[in-house]
file start.txt (compact mmCIF, C-alpha atoms)
# COMPACT_ATOMS: atom_id res chain seq x y z
CA MET A 1 -6.16 7.91 -8.35
CA VAL A 2 -4.42 11.19 -9.24
CA LYS A 3 -7.67 12.92 -10.21
CA PRO A 4 -7.34 16.49 -8.87
CA THR A 5 -9.97 17.53 -6.36
CA LEU A 6 -12.00 20.73 -6.57
CA VAL A 7 -12.55 20.55 -2.81
CA THR A 8 -10.52 23.12 -0.90
CA ASN A 9 -10.44 23.58 2.85
CA SER A 10 -9.65 26.05 5.61
CA ILE A 11 -8.40 23.51 8.15
CA ARG A 12 -5.02 25.15 8.55
CA SER A 13 -6.44 28.60 9.40
CA LEU A 14 -9.13 27.03 11.61
CA ARG A 15 -6.48 25.13 13.57
CA PHE A 16 -4.54 28.33 14.17
CA SER A 17 -7.62 30.26 15.23
CA ASN A 18 -8.47 27.41 17.65
CA HIS A 19 -5.56 27.83 20.06
CA GLU A 20 -3.04 26.70 17.43
CA MET A 21 -4.39 23.18 17.51
CA THR A 22 -1.83 20.68 16.23
CA GLN A 23 -2.51 18.24 13.40
CA ALA A 24 -2.00 15.39 15.88
CA GLU A 25 -4.60 16.83 18.26
CA LEU A 26 -7.13 17.27 15.45
CA ALA A 27 -6.40 13.73 14.25
CA ASP A 28 -7.00 12.33 17.74
CA ARG A 29 -10.27 14.20 18.11
CA VAL A 30 -11.55 13.10 14.69
CA GLY A 31 -10.26 9.54 15.04
CA VAL A 32 -7.96 9.44 12.01
CA THR A 33 -4.18 9.33 11.67
CA ARG A 34 -2.11 12.53 11.61
CA GLN A 35 -1.01 11.61 8.07
CA THR A 36 -4.65 11.71 6.94
CA ILE A 37 -5.14 15.20 8.40
CA ILE A 38 -1.97 16.32 6.58
CA ALA A 39 -3.24 14.82 3.29
CA ILE A 40 -6.67 16.47 3.70
CA GLU A 41 -5.13 19.83 4.63
CA GLN A 42 -2.87 19.72 1.56
CA GLY A 43 -5.78 18.77 -0.73
CA ARG A 44 -4.26 15.37 -1.52
CA TYR A 45 -7.24 13.46 -0.13
CA SER A 46 -10.96 14.18 0.11
CA PRO A 47 -12.38 12.80 3.36
CA SER A 48 -15.69 10.97 3.65
CA LEU A 49 -18.75 13.08 4.43
CA GLU A 50 -18.73 11.69 7.99
CA THR A 51 -15.09 12.65 8.59
CA ALA A 52 -15.78 16.09 7.08
CA PHE A 53 -18.66 16.62 9.55
CA GLN A 54 -16.47 15.43 12.43
CA ILE A 55 -13.77 17.96 11.50
CA ALA A 56 -16.37 20.75 11.33
CA ARG A 57 -17.75 19.68 14.71
CA VAL A 58 -14.29 19.90 16.33
CA PHE A 59 -14.07 23.54 15.20
CA ARG A 60 -17.77 24.17 16.05
CA VAL A 61 -18.44 25.64 12.60
CA PRO A 62 -20.72 24.60 9.71
CA LEU A 63 -19.33 22.21 7.10
CA ASP A 64 -18.98 24.91 4.43
CA ALA A 65 -16.77 26.94 6.74
CA VAL A 66 -14.27 24.08 6.60
CA PHE A 67 -14.70 22.73 3.07
CA GLN A 68 -15.42 24.68 -0.09
CA TYR A 69 -16.15 23.43 -3.58
CA SER A 70 -14.61 25.42 -6.43
CA ASP A 71 -16.87 26.71 -9.25
CA GLU A 72 -14.20 25.83 -11.84
CA GLN A 73 -14.81 22.61 -13.74
CA GLY A 74 -12.01 20.01 -13.58
CA MET B 1 4.42 7.40 8.55
CA THR B 2 1.45 5.18 9.40
CA PHE B 3 1.99 1.56 10.41
CA LEU B 4 0.38 0.36 7.17
CA GLU B 5 2.83 2.41 5.10
CA LYS B 6 5.76 1.01 7.13
CA SER B 7 4.34 -2.46 6.56
CA ASN B 8 4.42 -1.88 2.79
CA TRP B 9 8.02 -0.67 3.00
CA VAL B 10 8.84 -3.93 4.81
CA VAL B 11 7.39 -5.92 1.89
CA LEU B 12 9.64 -4.00 -0.54
CA ILE B 13 12.78 -4.08 1.61
CA VAL B 14 12.38 -7.82 2.22
CA GLY B 15 10.84 -8.83 -1.12
CA VAL B 16 13.28 -7.29 -3.59
CA PRO B 17 16.47 -8.90 -2.17
CA THR B 18 14.66 -12.20 -1.59
CA LEU B 19 13.54 -12.32 -5.21
CA LEU B 20 17.01 -11.31 -6.45
CA VAL B 21 18.65 -14.11 -4.44
CA TYR B 22 16.22 -16.65 -5.92
CA MET B 23 16.92 -15.36 -9.43
CA ALA B 24 20.69 -15.46 -8.79
CA VAL B 25 20.42 -19.12 -7.78
CA VAL B 26 18.01 -20.32 -10.48
CA VAL B 27 18.65 -18.23 -13.62
CA PRO B 28 22.32 -19.35 -14.13
CA GLN B 29 21.14 -22.97 -13.93
CA VAL B 30 18.38 -22.35 -16.49
CA LEU B 31 20.96 -20.86 -18.86
CA GLY B 32 23.51 -23.64 -18.37
CA LYS B 33 21.51 -26.86 -17.92
CA SER B 34 18.41 -28.59 -19.26
CA ILE B 35 15.24 -27.63 -17.33
CA ALA B 36 14.90 -31.15 -15.88
CA GLU B 37 18.28 -30.75 -14.13
CA VAL B 38 17.57 -27.33 -12.61
CA SER B 39 17.35 -27.40 -8.82
CA TRP B 40 14.49 -25.00 -8.09
CA VAL B 41 12.17 -26.63 -5.52
CA GLN B 42 14.38 -26.02 -2.49
CA PRO B 43 15.36 -22.46 -3.48
CA MET B 44 11.68 -21.62 -4.03
CA ILE B 45 10.62 -23.08 -0.66
CA PHE B 46 13.43 -21.18 1.12
CA THR B 47 12.52 -17.98 -0.74
CA ILE B 48 8.82 -18.18 0.17
CA ALA B 49 9.55 -19.15 3.79
CA GLY B 50 12.24 -16.47 4.09
CA PHE B 51 9.89 -13.83 2.63
CA VAL B 52 7.09 -14.72 5.06
CA VAL B 53 9.33 -14.92 8.16
CA ALA B 54 11.23 -11.70 7.30
CA ASN B 55 7.92 -9.93 6.73
CA ILE B 56 6.62 -11.00 10.14
CA LEU B 57 9.87 -9.89 11.83
CA GLY B 58 9.85 -6.60 9.88
CA ASN B 59 6.29 -5.88 10.98
CA VAL B 60 7.16 -6.66 14.60
CA VAL B 61 10.08 -4.19 14.41
CA ALA B 62 7.87 -1.58 12.67
CA ALA B 63 5.23 -1.96 15.39
CA ALA B 64 7.85 -1.76 18.15
CA THR B 65 9.19 1.56 16.86
CA ASN B 66 5.82 3.20 17.54
CA PRO B 67 3.46 0.85 19.43
CA ARG B 68 0.79 3.56 19.80
CA GLU B 69 0.32 3.73 16.01
CA ALA B 70 0.58 -0.03 15.38
CA ASP B 71 -3.13 -0.82 15.59
CA LYS B 72 -4.30 2.50 14.19
CA ASN B 73 -5.75 2.78 10.71
CA ASP B 74 -8.47 4.91 9.20
CA GLN B 75 -10.61 5.18 6.10
CA ARG B 76 -7.74 6.54 3.95
CA ASP B 77 -5.50 3.63 4.97
CA ARG B 78 -8.23 1.15 4.09
CA GLU B 79 -8.97 2.81 0.72
CA ILE B 80 -5.26 2.86 -0.18
CA ASP B 81 -4.95 -0.78 0.92
CA HIS B 82 -7.93 -1.88 -1.22
CA PHE B 83 -6.61 0.05 -4.23
CA GLY B 84 -3.12 -1.49 -3.94
CA GLU B 85 -4.51 -5.00 -3.42
CA ARG B 86 -6.70 -4.64 -6.51
CA VAL B 87 -3.66 -3.70 -8.63
CA GLY B 88 -1.69 -6.63 -7.16
CA ASN B 89 -4.56 -9.05 -7.81
CA TRP B 90 -4.34 -8.41 -11.55
CA LEU B 91 -0.72 -9.59 -11.55
CA MET B 92 -1.62 -12.65 -9.49
CA ILE B 93 -4.38 -13.46 -12.00
CA ALA B 94 -1.95 -12.90 -14.92
CA GLY B 95 0.55 -15.34 -13.34
CA SER B 96 -2.22 -17.92 -12.82
CA ILE B 97 -3.47 -17.62 -16.42
CA ILE B 98 0.08 -18.06 -17.73
CA ALA B 99 0.47 -21.14 -15.47
CA LEU B 100 -2.84 -22.50 -16.75
CA VAL B 101 -1.77 -22.09 -20.38
CA LEU B 102 1.60 -23.72 -19.60
CA ALA B 103 -0.20 -26.67 -17.95
CA MET B 104 -2.51 -27.03 -20.96
CA THR B 105 0.46 -27.10 -23.29
CA THR B 106 2.15 -29.72 -21.03
CA ALA B 107 5.10 -27.44 -20.25
CA ASP B 108 7.64 -28.56 -17.65
CA ARG B 109 6.41 -28.11 -14.07
CA PHE B 110 9.38 -25.74 -13.53
CA TRP B 111 7.71 -23.15 -15.77
CA ILE B 112 4.25 -23.67 -14.24
CA ALA B 113 5.53 -23.27 -10.67
CA ASN B 114 7.64 -20.26 -11.57
CA ALA B 115 4.77 -18.51 -13.37
CA ILE B 116 2.68 -18.78 -10.18
CA PHE B 117 5.62 -17.86 -7.94
CA LEU B 118 6.68 -14.81 -9.98
CA GLY B 119 3.05 -13.70 -10.36
CA GLY B 120 2.70 -13.80 -6.57
CA MET B 121 5.97 -11.96 -5.91
CA ALA B 122 5.18 -9.33 -8.57
CA ALA B 123 1.70 -8.89 -7.06
CA ALA B 124 3.15 -8.30 -3.58
CA LEU B 125 5.83 -5.87 -4.78
CA VAL B 126 3.69 -3.87 -7.23
CA SER B 127 0.85 -3.69 -4.70
CA SER B 128 3.26 -2.23 -2.13
CA VAL B 129 4.74 0.28 -4.59
CA THR B 130 1.18 1.35 -5.55
CA LYS B 131 0.21 1.86 -1.90
CA ILE B 132 3.39 3.79 -1.02
CA THR B 133 2.87 6.01 -4.08
CA ALA B 134 -0.75 6.62 -3.04
CA TYR B 135 0.39 7.61 0.47
CA HIS B 136 2.65 10.32 -0.94
CA GLY B 137 0.67 11.63 -3.92
CA PRO B 138 -2.91 12.76 -4.48
CA PHE B 139 -5.35 9.97 -3.69
CA GLN B 140 -9.01 10.70 -4.44
CA ARG B 141 -11.61 7.97 -4.57
CA TRP B 142 -14.63 10.26 -4.99

call {"tool": "encode", "arguments": {"input": "start.txt", "output": "structure tokens"}}
result
Amino acid sequence: MVKPTLVTNSIRSLRFSNHEMTQAELADRVGVTRQTIIAIEQGRYSPSLETAFQIARVFRVPLDAVFQYSDEQG
Amino acid sequence: MTFLEKSNWVVLIVGVPTLLVYMAVVVPQVLGKSIAEVSWVQPMIFTIAGFVVANILGNVVAAATNPREADKNDQRDREIDHFGERVGNWLMIAGSIIALVLAMTTADRFWIANAIFLGGMAAALVSSVTKITAYHGPFQRW
């Protein structure tokens, strides 16, 4: 449950570069709760592949522009 | 806070005092009388009924505070819910096994009923604590 994730993300900077989109707005557009967006943004939760693609689609960028996977082994 | 998290807080806020009241009524009797004389059936029925009714009312209040969020849940909510329920189920199973052993050893029905009852209450409370902890800490299922 508390296994650290090697997945990092650029959601915060992408939100700001997209007209300072709020977490609530992103949550509405992806179809998840605002709390889930907060948890993803803070690296406390790794979303499903489908949710990850939906987030990338909202920002109109490829998946690896939103999510990155660290080379370091956990 | 999502509705499901509020709902788990309701279980804790209602469950802990309900269980303490039951213990306050029954434990002094167990210490002072023989088990056959302990009045536990009515307190247990009132505790279970009170727990269920207070939970329903608590959920209604939680939903009323933010009706837009009340029917909203997503994959993370469902994963946290499944995880918490799985932890709670182990306690429910433990209570049932203890009750089974007590029945096999022809223990008084007071002990059998209370093993099931306490297993169920512990399952509900621990499950809620697990879910609330998962909401606030790292939660990775991959």

call {"tool": "closest_atom_pairs", "arguments": {"input": "start.txt", "of": "range 1-56 of chain A", "to": "range 70-87 of chain B", "cutoff": "9 Å", "atoms": "all atoms listed in the file", "output": "JSON lines"}}
result
{"residue": "A:Met1", "atom": "CA", "partner": "B:Phe83", "partner_atom": "CA", "distance": 8.9}
{"residue": "A:Gly31", "atom": "CA", "partner": "B:Asp74", "partner_atom": "CA", "distance": 7.7}
{"residue": "A:Val32", "atom": "CA", "partner": "B:Asp74", "partner_atom": "CA", "distance": 5.4}
{"residue": "A:Thr33", "atom": "CA", "partner": "B:Asp74", "partner_atom": "CA", "distance": 6.6}
{"residue": "A:Thr36", "atom": "CA", "partner": "B:Arg76", "partner_atom": "CA", "distance": 6.7}
{"residue": "A:Tyr45", "atom": "CA", "partner": "B:Arg76", "partner_atom": "CA", "distance": 8.0}
{"residue": "A:Pro47", "atom": "CA", "partner": "B:Arg76", "partner_atom": "CA", "distance": 7.8}
{"residue": "A:Ser48", "atom": "CA", "partner": "B:Gln75", "partner_atom": "CA", "distance": 8.1}

call {"tool": "write_last_selection", "arguments": {"input": "start.txt", "atoms": "C-alpha atoms", "output": "mmCIF file, in the frame of the given file"}}
result
data_model
loop_
_atom_site.group_PDB
_atom_site.id
_atom_site.type_symbol
_atom_site.label_atom_id
_atom_site.label_comp_id
_atom_site.auth_asym_id
_atom_site.auth_seq_id
_atom_site.Cartn_x
_atom_site.Cartn_y
_atom_site.Cartn_z
ATOM 1 C CA MET A 1 -6.160 7.910 -8.350
ATOM 2 C CA GLY A 31 -10.260 9.540 15.040
ATOM 3 C CA VAL A 32 -7.960 9.440 12.010
ATOM 4 C CA THR A 33 -4.180 9.330 11.670
ATOM 5 C CA THR A 36 -4.650 11.710 6.940
ATOM 6 C CA TYR A 45 -7.240 13.460 -0.130
ATOM 7 C CA PRO A 47 -12.380 12.800 3.360
ATOM 8 C CA SER A 48 -15.690 10.970 3.650
#

call {"tool": "atom_distance", "arguments": {"input": "start.txt", "atom1": "CA of Gln35 in chain A", "atom2": "CA of Leu4 in chain B"}}
result
11.4 Å

call {"tool": "closest_residue", "arguments": {"input": "start.txt", "among": "A:Ala39, A:Leu6, A:Val66, A:Val58", "to": "Met21 in chain A", "atoms": "all atoms listed in the file"}}
result
A:Val58

call {"tool": "residues_around", "arguments": {"input": "start.txt", "residues": "Phe46 in chain B", "least_positions_apart": "4", "cutoff": "12 Å", "atoms": "all atoms listed in the file", "output": "list in words"}}
result
Thr18, Leu19, Val21, Tyr22, Val25, Trp40, Val41, Gln42, Gly50, Phe51, Val52, Val53 and Ala54 of chain B

call {"tool": "atom_distance", "arguments": {"input": "start.txt", "atom1": "CA of Thr65 in chain B", "atom2": "CA of Gly120 in chain B"}}
result
28.8 Å

call {"tool": "closest_residue", "arguments": {"input": "start.txt", "among": "B:Ile98, B:Met23, B:Val129, B:Ile116", "to": "Ser7 in chain B", "atoms": "all atoms listed in the file"}}
result
B:Val129

call {"tool": "atom_distance", "arguments": {"input": "start.txt", "atom1": "CA of Val126 in chain B", "atom2": "CA of Leu91 in chain B"}}
result
8.4 Å

call {"tool": "closest_residue", "arguments": {"input": "start.txt", "among": "A:Leu14, A:Val7, A:Ala56, A:Ala65", "to": "chain B", "atoms": "all atoms listed in the file"}}
result
A:Val7

call {"tool": "residues_around", "arguments": {"input": "start.txt", "residues": "range 18-20 of chain A", "least_positions_apart": "6", "cutoff": "10 Å", "atoms": "all atoms listed in the file", "output": "compact mmCIF listing (two decimals) with C-alpha atoms, in the frame of the given file"}}
result
# COMPACT_ATOMS: atom_id res chain seq x y z
CA ARG A 12 -5.02 25.15 8.55
CA VAL A 58 -14.29 19.90 16.33
CA PHE A 59 -14.07 23.54 15.20
CA ARG A 60 -17.77 24.17 16.05

call {"tool": "residues_around", "arguments": {"input": "start.txt", "residues": "Val38 in chain B", "least_positions_apart": "2", "cutoff": "12 Å", "atoms": "only C-alpha atoms", "output": "PyMOL selection string"}}
result
chain B and resi 25-36+40-44+108-111

call {"tool": "closest_residue", "arguments": {"input": "start.txt", "among": "A:Leu49, A:Ile55, A:Asp64, A:Asn9", "to": "chain B", "atoms": "all atoms listed in the file"}}
result
A:Leu49

call {"tool": "residues_around", "arguments": {"input": "start.txt", "residues": "Tyr135 in chain B", "least_positions_apart": "3", "cutoff": "8 Å", "atoms": "only C-alpha atoms", "output": "JSON, numbers by chain"}}
result
{"B": [5, 80, 131, 132, 138, 139]}

call {"tool": "write_last_selection", "arguments": {"input": "start.txt", "atoms": "C-alpha atoms", "output": "short mmCIF file (atom, residue, chain, number, x, y, z; two decimals), keeping the file's coordinate frame"}}
result
data_model
loop_
_atom_site.label_atom_id
_atom_site.label_comp_id
_atom_site.auth_asym_id
_atom_site.auth_seq_id
_atom_site.Cartn_x
_atom_site.Cartn_y
_atom_site.Cartn_z
CA GLU B 5 2.83 2.41 5.10
CA ILE B 80 -5.26 2.86 -0.18
CA LYS B 131 0.21 1.86 -1.90
CA ILE B 132 3.39 3.79 -1.02
CA PRO B 138 -2.91 12.76 -4.48
CA PHE B 139 -5.35 9.97 -3.69
#

call {"tool": "residues_near_point", "arguments": {"input": "start.txt", "point": "(9.6, -9.2, 5.5)", "cutoff": "12 Å", "atoms": "only C-alpha atoms", "output": "ChimeraX atom specification"}}
result
/B:6-19,47-62,124-125
